[in-house]
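This is entry-v4.csv. It holds CSV, C-alpha atoms and all ligand atoms.
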```
chain,number,residue,atom,x,y,z
A,103,MET,CA,3.5,-22.1,-3.2
A,104,LYS,CA,5.2,-24.2,-5.8
A,105,LEU,CA,6.9,-22.1,-8.4
A,106,ASN,CA,7.1,-23.4,-11.9
A,107,GLU,CA,10.4,-25.3,-12.2
A,108,ALA,CA,10.9,-24.7,-15.9
A,109,ASN,CA,10.4,-21.0,-15.3
A,110,ILE,CA,12.9,-21.0,-12.4
A,111,LYS,CA,15.5,-22.7,-14.7
A,112,THR,CA,14.9,-20.1,-17.4
A,113,ALA,CA,15.2,-17.3,-14.9
A,114,LYS,CA,18.4,-18.7,-13.5
A,115,ALA,CA,20.0,-18.9,-16.9
A,116,LEU,CA,18.7,-15.4,-17.8
A,117,ILE,CA,20.2,-13.8,-14.6
A,118,LYS,CA,23.5,-15.7,-15.2
A,119,LYS,CA,24.0,-14.3,-18.7
A,120,ALA,CA,22.5,-10.9,-18.2
A,121,GLN,CA,24.9,-7.9,-18.4
A,122,ARG,CA,22.5,-5.2,-17.4
A,123,ILE,CA,19.4,-5.9,-15.2
A,124,SER,CA,16.7,-3.4,-14.4
A,125,ILE,CA,14.0,-3.7,-11.7
A,126,ILE,CA,10.8,-1.7,-12.2
A,127,THR,CA,7.6,-1.5,-10.3
A,128,HIS,CA,4.2,0.3,-10.5
A,129,PHE,CA,3.5,4.1,-10.3
A,130,ASN,CA,2.9,5.4,-6.8
A,131,PRO,CA,4.9,2.6,-5.3
A,132,ASP,CA,3.7,1.1,-2.1
A,133,ALA,CA,5.7,-0.8,0.5
A,134,ASP,CA,5.3,-4.1,-1.4
A,135,ALA,CA,6.6,-2.5,-4.6
A,136,VAL,CA,9.5,-0.9,-2.8
A,137,GLY,CA,10.2,-4.0,-0.6
A,138,SER,CA,10.2,-6.4,-3.6
A,139,SER,CA,12.4,-4.1,-5.6
A,140,ILE,CA,15.0,-3.6,-2.9
A,141,GLY,CA,14.9,-7.3,-1.9
A,142,LEU,CA,15.7,-8.4,-5.4
A,143,TYR,CA,18.3,-5.6,-5.8
A,144,TYR,CA,20.2,-6.8,-2.8
A,145,TYR,CA,20.1,-10.4,-4.1
A,146,LEU,CA,21.5,-9.4,-7.5
A,147,LYS,CA,24.1,-7.0,-6.1
A,148,LYS,CA,25.4,-9.8,-3.8
A,149,ARG,CA,25.9,-11.8,-6.9
A,150,LYS,CA,27.8,-8.9,-8.5
A,151,LYS,CA,25.2,-8.3,-11.1
A,152,ASP,CA,24.8,-4.8,-12.7
A,153,ALA,CA,21.3,-4.0,-11.4
A,154,THR,CA,19.4,-0.7,-11.4
A,155,ILE,CA,16.1,0.1,-9.7
A,156,ILE,CA,13.7,2.3,-11.5
A,157,MET,CA,11.0,3.9,-9.3
A,158,PRO,CA,8.2,5.5,-11.4
A,159,ASN,CA,7.8,8.3,-8.8
A,160,PRO,CA,8.9,8.9,-5.2
A,161,PHE,CA,7.9,6.4,-2.6
A,162,PRO,CA,6.4,7.3,0.8
A,163,ALA,CA,8.9,8.8,3.3
A,164,PHE,CA,8.0,6.2,5.9
A,165,LEU,CA,10.0,3.7,3.8
A,166,ASP,CA,13.2,5.7,4.1
A,167,PHE,CA,14.3,3.7,7.1
A,168,PHE,CA,15.2,0.7,4.9
A,169,ALA,CA,15.3,2.3,1.4
A,170,ALA,CA,17.5,5.2,2.1
A,171,GLY,CA,20.9,4.7,0.6
A,172,VAL,CA,19.7,2.3,-2.1
A,173,ASP,CA,20.6,3.7,-5.5
A,174,MET,CA,17.6,4.2,-7.7
A,175,ILE,CA,16.4,6.3,-10.6
A,176,ILE,CA,13.1,8.2,-10.0
A,177,ALA,CA,11.5,8.2,-13.5
A,178,SER,CA,9.2,11.2,-12.7
A,179,LYS,CA,12.4,13.2,-12.1
A,180,GLU,CA,14.8,11.6,-14.6
A,181,SER,CA,12.6,10.1,-17.3
A,182,LYS,CA,15.2,10.2,-20.1
A,183,LYS,CA,17.7,8.3,-17.9
A,184,ALA,CA,15.1,5.8,-16.8
A,185,CYS,CA,14.1,5.1,-20.4
A,186,LYS,CA,17.7,4.8,-21.5
A,187,VAL,CA,18.4,2.2,-18.7
A,188,LEU,CA,15.3,0.2,-19.7
A,189,MET,CA,16.3,0.2,-23.4
A,190,GLU,CA,19.9,-0.8,-22.7
A,191,SER,CA,18.9,-3.6,-20.3
A,192,ASP,CA,19.0,-7.2,-21.4
A,193,LEU,CA,16.8,-8.4,-18.5
A,194,ILE,CA,14.0,-6.5,-16.7
A,195,PHE,CA,12.2,-7.6,-13.6
A,196,CYS,CA,8.7,-6.3,-13.4
A,197,LEU,CA,7.5,-6.4,-9.8
A,198,ASP,CA,4.0,-6.0,-8.2
A,199,PHE,CA,2.0,-5.0,-11.3
A,200,ASN,CA,0.3,-6.9,-14.1
A,201,MET,CA,0.0,-4.4,-16.9
A,202,ILE,CA,2.8,-2.6,-18.6
A,203,HIS,CA,1.1,0.8,-18.4
A,204,ARG,CA,1.0,0.6,-14.6
A,205,VAL,CA,4.6,1.9,-14.5
A,206,GLY,CA,3.3,5.3,-15.5
A,207,ASN,CA,3.6,7.5,-18.6
A,208,GLN,CA,7.3,8.3,-18.2
A,209,THR,CA,8.5,4.7,-18.8
A,210,LYS,CA,5.6,2.6,-20.2
A,211,ASP,CA,6.7,3.0,-23.9
A,212,ALA,CA,10.3,2.2,-23.1
A,213,LEU,CA,9.3,-0.8,-21.0
A,214,HIS,CA,7.1,-1.9,-23.8
A,215,ASP,CA,9.7,-1.4,-26.6
A,216,SER,CA,12.7,-2.6,-24.8
A,217,GLN,CA,14.2,-5.8,-26.3
A,218,ALA,CA,15.1,-7.1,-22.8
A,219,THR,CA,13.6,-10.3,-21.6
A,220,LYS,CA,10.9,-9.4,-19.1
A,221,ILE,CA,10.3,-11.4,-15.9
A,222,LEU,CA,7.2,-10.8,-14.0
A,223,ILE,CA,7.0,-11.4,-10.3
A,224,ASP,CA,3.5,-10.5,-9.0
A,225,HIS,CA,0.3,-11.3,-7.2
A,226,HIS,CA,-2.3,-9.4,-9.2
A,227,GLN,CA,-4.9,-11.3,-11.2
A,228,GLU,CA,-4.7,-11.9,-15.0
A,229,PRO,CA,-1.4,-10.4,-16.1
A,230,GLU,CA,-1.5,-9.1,-19.6
A,231,LYS,CA,0.7,-10.5,-22.4
A,232,GLY,CA,4.1,-8.8,-22.8
A,233,PHE,CA,5.9,-10.5,-20.0
A,234,ASP,CA,8.2,-13.3,-21.2
A,235,VAL,CA,8.5,-15.3,-18.0
A,236,LYS,CA,5.7,-15.1,-15.4
A,237,PHE,CA,5.7,-15.8,-11.7
A,238,SER,CA,2.1,-14.6,-11.1
A,239,TYR,CA,0.5,-15.9,-7.9
A,240,PRO,CA,-2.7,-14.1,-7.1
A,241,SER,CA,-3.2,-16.2,-4.0
A,242,ALA,CA,0.0,-14.9,-2.4
A,243,SER,CA,-0.2,-12.2,0.2
A,244,SER,CA,2.2,-9.9,-1.5
A,245,THR,CA,4.8,-9.7,-4.3
A,246,THR,CA,7.5,-10.0,-1.6
A,247,GLU,CA,6.1,-13.4,-0.6
A,248,VAL,CA,6.4,-14.6,-4.2
A,249,LEU,CA,9.9,-13.1,-4.3
A,250,ALA,CA,10.9,-15.0,-1.2
A,251,HIS,CA,10.0,-18.3,-2.9
A,252,PHE,CA,11.7,-17.1,-6.1
A,253,LEU,CA,15.0,-16.4,-4.4
A,254,THR,CA,14.8,-19.6,-2.4
A,255,ALA,CA,14.2,-21.6,-5.6
A,256,LEU,CA,17.2,-19.9,-7.2
A,257,SER,CA,19.7,-20.2,-4.4
A,258,GLY,CA,18.3,-21.9,-1.4
A,259,LYS,CA,17.2,-20.5,1.9
A,260,ARG,CA,20.6,-18.9,2.5
A,261,ALA,CA,19.8,-16.5,-0.3
A,262,ILE,CA,17.8,-14.5,2.1
A,263,ASP,CA,20.0,-12.4,4.4
A,264,PHE,CA,18.8,-9.8,6.9
A,265,GLY,CA,18.4,-7.0,4.4
A,266,ILE,CA,16.4,-9.1,2.0
A,267,ALA,CA,14.4,-10.6,4.9
A,268,GLN,CA,13.4,-7.2,6.2
A,269,ALA,CA,12.4,-6.0,2.7
A,270,ILE,CA,10.3,-9.2,2.3
A,271,TYR,CA,8.6,-8.8,5.7
A,272,ILE,CA,7.6,-5.2,4.9
A,273,GLY,CA,5.8,-6.2,1.8
A,274,VAL,CA,3.9,-9.1,3.5
A,275,CYS,CA,3.0,-7.0,6.5
A,276,THR,CA,1.7,-4.0,4.6
A,277,ASP,CA,-0.1,-5.8,1.8
A,278,THR,CA,-2.1,-7.8,4.4
A,279,GLY,CA,-2.9,-4.7,6.5
A,280,SER,CA,-0.7,-6.1,9.3
A,281,PHE,CA,-2.1,-9.6,8.9
A,282,SER,CA,-5.8,-8.6,8.8
A,283,TYR,CA,-6.7,-9.7,5.2
A,284,ASN,CA,-5.3,-11.8,2.4
A,285,CYS,CA,-3.4,-13.9,5.0
A,286,ASN,CA,-5.2,-17.2,5.6
A,287,ASN,CA,-2.3,-19.3,4.3
A,288,ALA,CA,-0.3,-21.1,6.9
A,289,GLU,CA,2.6,-20.8,4.5
A,290,THR,CA,2.7,-17.0,4.9
A,291,TYR,CA,3.3,-17.5,8.6
A,292,SER,CA,6.0,-20.1,8.0
A,293,LEU,CA,7.7,-17.5,5.9
A,294,VAL,CA,7.4,-14.8,8.5
A,295,SER,CA,8.8,-17.2,11.1
A,296,GLU,CA,11.8,-17.7,8.9
A,297,LEU,CA,12.2,-13.9,8.4
A,298,VAL,CA,12.2,-13.3,12.1
A,299,GLY,CA,14.8,-16.0,12.3
A,300,LYS,CA,16.9,-14.0,9.9
A,301,GLY,CA,16.8,-11.1,12.4
A,302,VAL,CA,13.8,-9.1,11.3
A,303,LYS,CA,12.5,-7.0,14.3
A,304,VAL,CA,8.8,-7.0,13.9
A,305,ASP,CA,8.2,-4.4,16.6
A,306,LYS,CA,10.8,-2.1,15.1
A,307,VAL,CA,9.4,-2.4,11.6
A,308,HIS,CA,5.9,-1.6,12.9
A,309,GLN,CA,7.1,1.4,14.7
A,310,GLU,CA,8.8,2.7,11.5
A,311,ILE,CA,5.8,2.1,9.3
A,312,TYR,CA,2.8,3.0,11.5
A,313,ASN,CA,4.1,5.4,14.2
A,314,THR,CA,6.0,7.9,12.1
A,315,PHE,CA,3.2,10.2,11.0
A,316,SER,CA,3.8,13.9,10.5
A,317,GLU,CA,1.4,16.1,12.5
A,318,ASN,CA,-0.2,17.1,9.2
A,319,ARG,CA,-0.8,13.5,8.2
A,320,LEU,CA,-2.5,12.7,11.4
A,321,ARG,CA,-4.7,15.8,11.2
A,322,LEU,CA,-5.5,15.0,7.6
A,323,LEU,CA,-6.7,11.6,8.8
A,324,GLY,CA,-8.8,13.2,11.5
A,325,TYR,CA,-10.3,15.7,9.0
A,326,ALA,CA,-11.0,13.0,6.4
A,327,ILE,CA,-12.9,10.8,8.9
A,328,TYR,CA,-14.7,13.6,10.7
A,329,GLN,CA,-15.7,15.8,7.8
A,330,LYS,CA,-15.3,13.8,4.6
A,331,LEU,CA,-16.6,10.3,5.3
A,332,LYS,CA,-19.9,9.7,3.4
A,333,VAL,CA,-21.8,6.6,4.4
A,334,PHE,CA,-24.5,4.8,2.4
A,335,PRO,CA,-25.9,2.3,4.8
A,336,GLN,CA,-28.5,1.0,2.4
A,337,TYR,CA,-25.8,0.0,-0.1
A,338,HIS,CA,-23.3,-1.1,2.6
A,339,ALA,CA,-20.8,1.5,1.2
A,340,ALA,CA,-18.8,4.4,2.4
A,341,TYR,CA,-16.3,6.7,0.7
A,342,ILE,CA,-13.9,9.6,1.5
A,343,CYS,CA,-13.1,12.2,-1.1
A,344,LEU,CA,-10.2,14.7,-0.8
A,345,SER,CA,-9.6,17.5,-3.3
A,346,ASN,CA,-6.3,19.1,-4.3
A,347,ASP,CA,-7.1,22.1,-2.0
A,348,GLU,CA,-7.8,19.9,1.0
A,349,LEU,CA,-4.6,17.9,0.4
A,350,ARG,CA,-2.6,21.1,0.1
A,351,ARG,CA,-4.1,22.5,3.3
A,352,TYR,CA,-2.5,19.5,5.1
A,353,ARG,CA,0.7,19.8,3.1
A,354,PHE,CA,0.2,16.4,1.5
A,355,GLN,CA,3.3,14.2,1.0
A,356,PRO,CA,3.3,10.9,-0.9
A,357,GLY,CA,2.1,8.1,1.5
A,358,ASP,CA,0.0,10.4,3.6
A,359,THR,CA,-3.3,8.8,2.5
A,360,GLU,CA,-1.9,5.3,2.8
A,361,GLY,CA,-4.3,3.1,4.7
A,362,LEU,CA,-7.0,5.9,4.8
A,363,VAL,CA,-9.4,3.9,2.7
A,364,ASN,CA,-9.5,1.1,5.2
A,365,TYR,CA,-11.3,3.3,7.8
A,366,CYS,CA,-14.4,3.0,5.7
A,367,LEU,CA,-14.5,-0.7,6.4
A,368,ASN,CA,-14.3,-0.1,10.2
A,369,LEU,CA,-18.0,0.6,10.0
A,370,ASP,CA,-20.3,-2.3,10.9
A,371,GLY,CA,-22.3,-3.3,7.9
A,372,VAL,CA,-20.1,-1.5,5.4
A,373,THR,CA,-18.5,-3.9,2.9
A,374,PHE,CA,-17.3,-1.5,0.2
A,375,GLY,CA,-15.0,1.4,0.9
A,376,CYS,CA,-13.5,3.9,-1.5
A,377,LEU,CA,-11.0,6.8,-1.2
A,378,VAL,CA,-11.0,9.4,-4.0
A,379,THR,CA,-8.1,11.8,-4.1
A,380,GLU,CA,-7.5,14.6,-6.6
A,381,ARG,CA,-3.8,15.1,-7.6
A,382,ASP,CA,-3.4,17.9,-10.0
A,383,ARG,CA,-5.5,16.8,-13.0
A,384,VAL,CA,-5.7,13.1,-12.2
A,385,VAL,CA,-8.2,11.6,-9.8
A,386,ARG,CA,-7.2,8.5,-8.1
A,387,LEU,CA,-9.6,5.9,-6.6
A,388,SER,CA,-8.8,3.2,-4.1
A,389,PHE,CA,-11.3,0.5,-3.4
A,390,ARG,CA,-11.6,-2.0,-0.5
A,391,SER,CA,-14.0,-4.8,0.2
A,392,LYS,CA,-14.5,-6.9,3.3
A,393,SER,CA,-17.0,-9.2,1.8
A,394,ASP,CA,-16.6,-12.2,-0.6
A,395,THR,CA,-19.6,-10.9,-2.5
A,396,VAL,CA,-18.1,-7.5,-3.3
A,397,ASP,CA,-15.3,-7.9,-5.9
A,398,VAL,CA,-13.5,-4.5,-6.1
A,399,ASN,CA,-11.1,-5.8,-8.8
A,400,LYS,CA,-14.1,-6.3,-11.1
A,401,PHE,CA,-15.5,-2.9,-10.0
A,402,ALA,CA,-12.3,-1.1,-10.7
A,403,ARG,CA,-11.9,-2.8,-14.1
A,404,LYS,CA,-15.5,-2.2,-15.1
A,405,TYR,CA,-15.8,1.5,-14.2
A,406,TRP,CA,-12.4,3.0,-13.7
A,407,SER,CA,-9.9,1.3,-16.1
A,408,GLY,CA,-8.1,-0.1,-13.1
A,409,GLY,CA,-7.8,-3.3,-11.3
A,410,GLY,CA,-6.0,-5.1,-8.5
A,411,HIS,CA,-7.3,-7.8,-6.2
A,412,ILE,CA,-10.8,-9.0,-5.1
A,413,MET,CA,-10.5,-7.1,-1.8
A,414,ALA,CA,-8.3,-4.2,-2.8
A,415,SER,CA,-8.0,-2.4,-6.1
A,416,GLY,CA,-7.6,1.0,-7.6
A,417,GLY,CA,-8.3,3.1,-10.7
A,418,THR,CA,-7.7,6.6,-12.1
A,419,TYR,CA,-9.7,9.2,-14.0
A,420,GLN,CA,-8.5,12.2,-16.0
A,421,GLY,CA,-11.0,14.9,-15.4
A,422,LYS,CA,-13.1,16.7,-12.9
A,423,LEU,CA,-13.4,15.5,-9.3
A,424,SER,CA,-17.1,16.3,-9.3
A,425,ASP,CA,-17.7,14.0,-12.3
A,426,VAL,CA,-16.0,11.2,-10.4
A,427,ILE,CA,-18.2,11.7,-7.4
A,428,THR,CA,-21.5,11.8,-9.4
A,429,ALA,CA,-20.5,8.6,-11.2
A,430,LEU,CA,-19.3,6.8,-8.1
A,431,GLU,CA,-22.5,7.6,-6.2
A,432,GLN,CA,-24.4,6.0,-9.1
A,433,GLN,CA,-22.1,3.0,-9.1
A,434,ILE,CA,-22.5,2.5,-5.4
A,435,LYS,CA,-26.2,1.9,-6.0
A,436,THR,CA,-25.4,-1.1,-8.1
A,437,LEU,CA,-23.4,-2.9,-5.4
A,501,MN,MN,1.4,-5.9,-3.7
```

Would you write out, as structure tokens, the structure that this file holds?
Amino acid sequence: MKLNEANIKTAKALIKKAQRISIITHFNPDADAVGSSIGLYYYLKKRKKDATIIMPNPFPAFLDFFAAGVDMIIASKESKKACKVLMESDLIFCLDFNMIHRVGNQTKDALHDSQATKILIDHHQEPEKGFDVKFSYPSASSTTEVLAHFLTALSGKRAIDFGIAQAIYIGVCTDTGSFSYNCNNAETYSLVSELVGKGVKVDKVHQEIYNTFSENRLRLLGYAIYQKLKVFPQYHAAYICLSNDELRRYRFQPGDTEGLVNYCLNLDGVTFGCLVTERDRVVRLSFRSKSDTVDVNKFARKYWSGGGHIMASGGTYQGKLSDVITALEQQIKTL
């Protein structure tokens, strides 16, 4: 990955002169979103910059092991404060999203209206206008992979210390499903090799991320697969749908359905998987594909005002869960 040199020069100058820097990522932040935010935060702090992380809403508890103790504003809890910080910043880093509204309702207007220069670091396709400097690399495994190249371009390989290396590794590892998709670039493994060289303990990170389920989360997984998986062999599709009531029954916590959609693709012959979850009045949809001929980014954009990547995407719907299911089952027939 060769980052645009003119953009690097611009970013360097912007960081140097910035008095107040904010870092923001997408709503329902995943490990790549949290990892890239924290990695960049450590870098800026080390350079004595005034930097603030704004998380749209709480991140999954399994990320506490490396994110606990990092100061951040949770916009869903302190929206006024979050908006104020955005409006008073002179530089805003936008990480792991490609459209302003992806930061969520609490901060999207402030992010849009803020006079700060906005730098995008991301790997989603077709970022919208509204970012001033773009480091958008859809072929990258993760935003943290782009961030690694960004920091190296700014300050050399020494820029990445252990804390930053671990944050970067977490994004690469989770956004590739532990190196099972989106990871055919030799370059990704060179980066991982360097990260391990910086002290990242791959086994420890995997323990923290994958083997720290609550009992409720594990039982929810069992229930979802046993009772809720619906398979359409003729359309090579499967989906799982979980209502508010069902999630409540298993005392749902953010992150508890992380990775659940991938179980649909465990089925031989199934190339399209979907997880539908109802959260209060919003229905969330996650899509996964394991075939080059099924583009779930297009699917999410076309039907669910969402988007993402060819193999992984998402969308939302304000309305009844039953309406979503009726529509989805029709859409599956067009696959
Ligand atoms: Mn990502």

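Distances from A:Ile117, A:Leu387, A:Leu344, A:Ala414 to ligand MN 501 (chain A) were compared using all atoms listed in the file, and the smallest one belongs to A:Ala414.
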
Which residues of segment 141-209 of chain A sit at most 12 Å from segment 354-375 of chain A, using all atoms listed in the file? Give each one's shortest atom pair and distance in Å (one decimal place), in chain and ascending residue order, as a Markdown table.
```
| residue | atom | partner | partner_atom | distance |
| --- | --- | --- | --- | --- |
| A:Asn159 | CA | A:Pro356 | CA | 9.5 |
| A:Pro160 | CA | A:Pro356 | CA | 7.3 |
| A:Phe161 | CA | A:Pro356 | CA | 6.7 |
| A:Pro162 | CA | A:Gly357 | CA | 4.4 |
| A:Ala163 | CA | A:Gly357 | CA | 7.1 |
| A:Phe164 | CA | A:Gly357 | CA | 7.6 |
| A:Leu165 | CA | A:Gly357 | CA | 9.3 |
| A:Asp166 | CA | A:Gly357 | CA | 11.7 |
```

(request) For each of A:Gln217, A:Thr209, A:Ser393, A:Ser241, take the minimum atom-to-atom distance to ligand MN 501 (chain A), counting all atoms listed in the file, then give the residue where this is smallest. (result) A:Ser241

(message) Hey, which residues sit close to ligand MN 501 (chain A)? Say within 7 Å, counting only C-alpha atoms and all ligand atoms, and write them as a ChimeraX atom specification.
(response) /A:134-135,198,225,244-245,277

(request) With all atoms listed in the file counted, which protein, DNA or RNA residues have an atom no more than 7 Å from (-13.4, 9.1, 6.2) in the file frame? Please answer as a list in words. (result)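 Counting all atoms listed in the file, I find these residues within 7 Å of (-13.4, 9.1, 6.2): Ala326, Ile327, Tyr328, Lys330, Leu331, Tyr341, Ile342, Tyr365 and Cys366 of chain A.
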
(request) Give me the residues within 10 Å of Gly421 of chain A as a list in words, counting all atoms listed in the file and dropping any in the same chain fewer than 2 places off. (result) Glu380, Asp382, Arg383, Val384, Val385, Thr418, Tyr419, Leu423, Ser424, Asp425 and Val426 of chain A

(request) For each of A:Pro229, A:Gly279, A:Pro158, A:Gly258, take the minimum atom-to-atom distance to Ser243 of chain A, counting all atoms listed in the file, then give the residue where this is smallest. (result)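 Ranked by minimum distance to Ser243 of chain A, first place goes to A:Gly279.
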
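Checking A:Ile156, A:Ile427, A:Val172, A:Val307 one by one against Thr276 of chain A, counting all atoms listed in the file, you find the shortest gap at A:Val307.
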
As an mmCIF file, in the frame of the given file, the rebuilt segment 267-288 of chain A with N, CA and C atoms:
```cif
data_model
loop_
_atom_site.group_PDB
_atom_site.id
_atom_site.type_symbol
_atom_site.label_atom_id
_atom_site.label_comp_id
_atom_site.auth_asym_id
_atom_site.auth_seq_id
_atom_site.Cartn_x
_atom_site.Cartn_y
_atom_site.Cartn_z
ATOM 1 N N ALA A 267 15.444 -10.140 4.007
ATOM 2 C CA ALA A 267 14.400 -10.600 4.900
ATOM 3 C C ALA A 267 13.490 -9.426 5.335
ATOM 4 N N GLN A 268 14.131 -8.324 5.697
ATOM 5 C CA GLN A 268 13.400 -7.200 6.200
ATOM 6 C C GLN A 268 12.517 -6.583 5.014
ATOM 7 N N ALA A 269 13.110 -6.525 3.825
ATOM 8 C CA ALA A 269 12.400 -6.000 2.700
ATOM 9 C C ALA A 269 11.156 -6.924 2.378
ATOM 10 N N ILE A 270 11.350 -8.216 2.489
ATOM 11 C CA ILE A 270 10.300 -9.200 2.300
ATOM 12 C C ILE A 270 9.179 -8.999 3.325
ATOM 13 N N TYR A 271 9.602 -8.890 4.555
ATOM 14 C CA TYR A 271 8.600 -8.800 5.700
ATOM 15 C C TYR A 271 7.754 -7.510 5.470
ATOM 16 N N ILE A 272 8.369 -6.410 5.076
ATOM 17 C CA ILE A 272 7.600 -5.200 4.900
ATOM 18 C C ILE A 272 6.510 -5.291 3.873
ATOM 19 N N GLY A 273 6.793 -6.012 2.795
ATOM 20 C CA GLY A 273 5.800 -6.200 1.800
ATOM 21 C C GLY A 273 4.613 -7.091 2.317
ATOM 22 N N VAL A 274 4.959 -8.179 2.989
ATOM 23 C CA VAL A 274 3.900 -9.100 3.500
ATOM 24 C C VAL A 274 3.083 -8.351 4.550
ATOM 25 N N CYS A 275 3.739 -7.644 5.442
ATOM 26 C CA CYS A 275 3.000 -7.000 6.500
ATOM 27 C C CYS A 275 2.099 -5.885 6.018
ATOM 28 N N THR A 276 2.551 -5.069 5.089
ATOM 29 C CA THR A 276 1.700 -4.000 4.600
ATOM 30 C C THR A 276 0.621 -4.408 3.660
ATOM 31 N N ASP A 277 0.935 -5.375 2.793
ATOM 32 C CA ASP A 277 -0.100 -5.800 1.800
ATOM 33 C C ASP A 277 -1.191 -6.640 2.484
ATOM 34 N N THR A 278 -0.993 -7.054 3.728
ATOM 35 C CA THR A 278 -2.100 -7.800 4.400
ATOM 36 C C THR A 278 -2.678 -6.882 5.504
ATOM 37 N N GLY A 279 -2.366 -5.576 5.480
ATOM 38 C CA GLY A 279 -2.900 -4.700 6.500
ATOM 39 C C GLY A 279 -2.504 -5.209 7.896
ATOM 40 N N SER A 280 -1.219 -5.458 8.094
ATOM 41 C CA SER A 280 -0.700 -6.100 9.300
ATOM 42 C C SER A 280 -1.445 -7.332 9.685
ATOM 43 N N PHE A 281 -1.510 -8.229 8.705
ATOM 44 C CA PHE A 281 -2.100 -9.600 8.900
ATOM 45 C C PHE A 281 -3.572 -9.472 9.294
ATOM 46 N N SER A 282 -4.316 -8.656 8.523
ATOM 47 C CA SER A 282 -5.800 -8.600 8.800
ATOM 48 C C SER A 282 -6.571 -9.018 7.552
ATOM 49 N N TYR A 283 -5.974 -9.104 6.374
ATOM 50 C CA TYR A 283 -6.700 -9.700 5.200
ATOM 51 C C TYR A 283 -5.645 -10.320 4.298
ATOM 52 N N ASN A 284 -6.165 -11.174 3.402
ATOM 53 C CA ASN A 284 -5.300 -11.800 2.400
ATOM 54 C C ASN A 284 -4.187 -12.651 3.120
ATOM 55 N N CYS A 285 -4.484 -13.218 4.279
ATOM 56 C CA CYS A 285 -3.400 -13.900 5.000
ATOM 57 C C CYS A 285 -3.896 -15.130 5.732
ATOM 58 N N ASN A 286 -4.684 -15.946 5.006
ATOM 59 C CA ASN A 286 -5.200 -17.200 5.600
ATOM 60 C C ASN A 286 -4.344 -18.407 5.218
ATOM 61 N N ASN A 287 -3.184 -18.163 4.639
ATOM 62 C CA ASN A 287 -2.300 -19.300 4.300
ATOM 63 C C ASN A 287 -1.297 -19.540 5.385
ATOM 64 N N ALA A 288 -1.279 -20.774 5.892
ATOM 65 C CA ALA A 288 -0.300 -21.100 6.900
ATOM 66 C C ALA A 288 1.120 -20.825 6.405
#
```
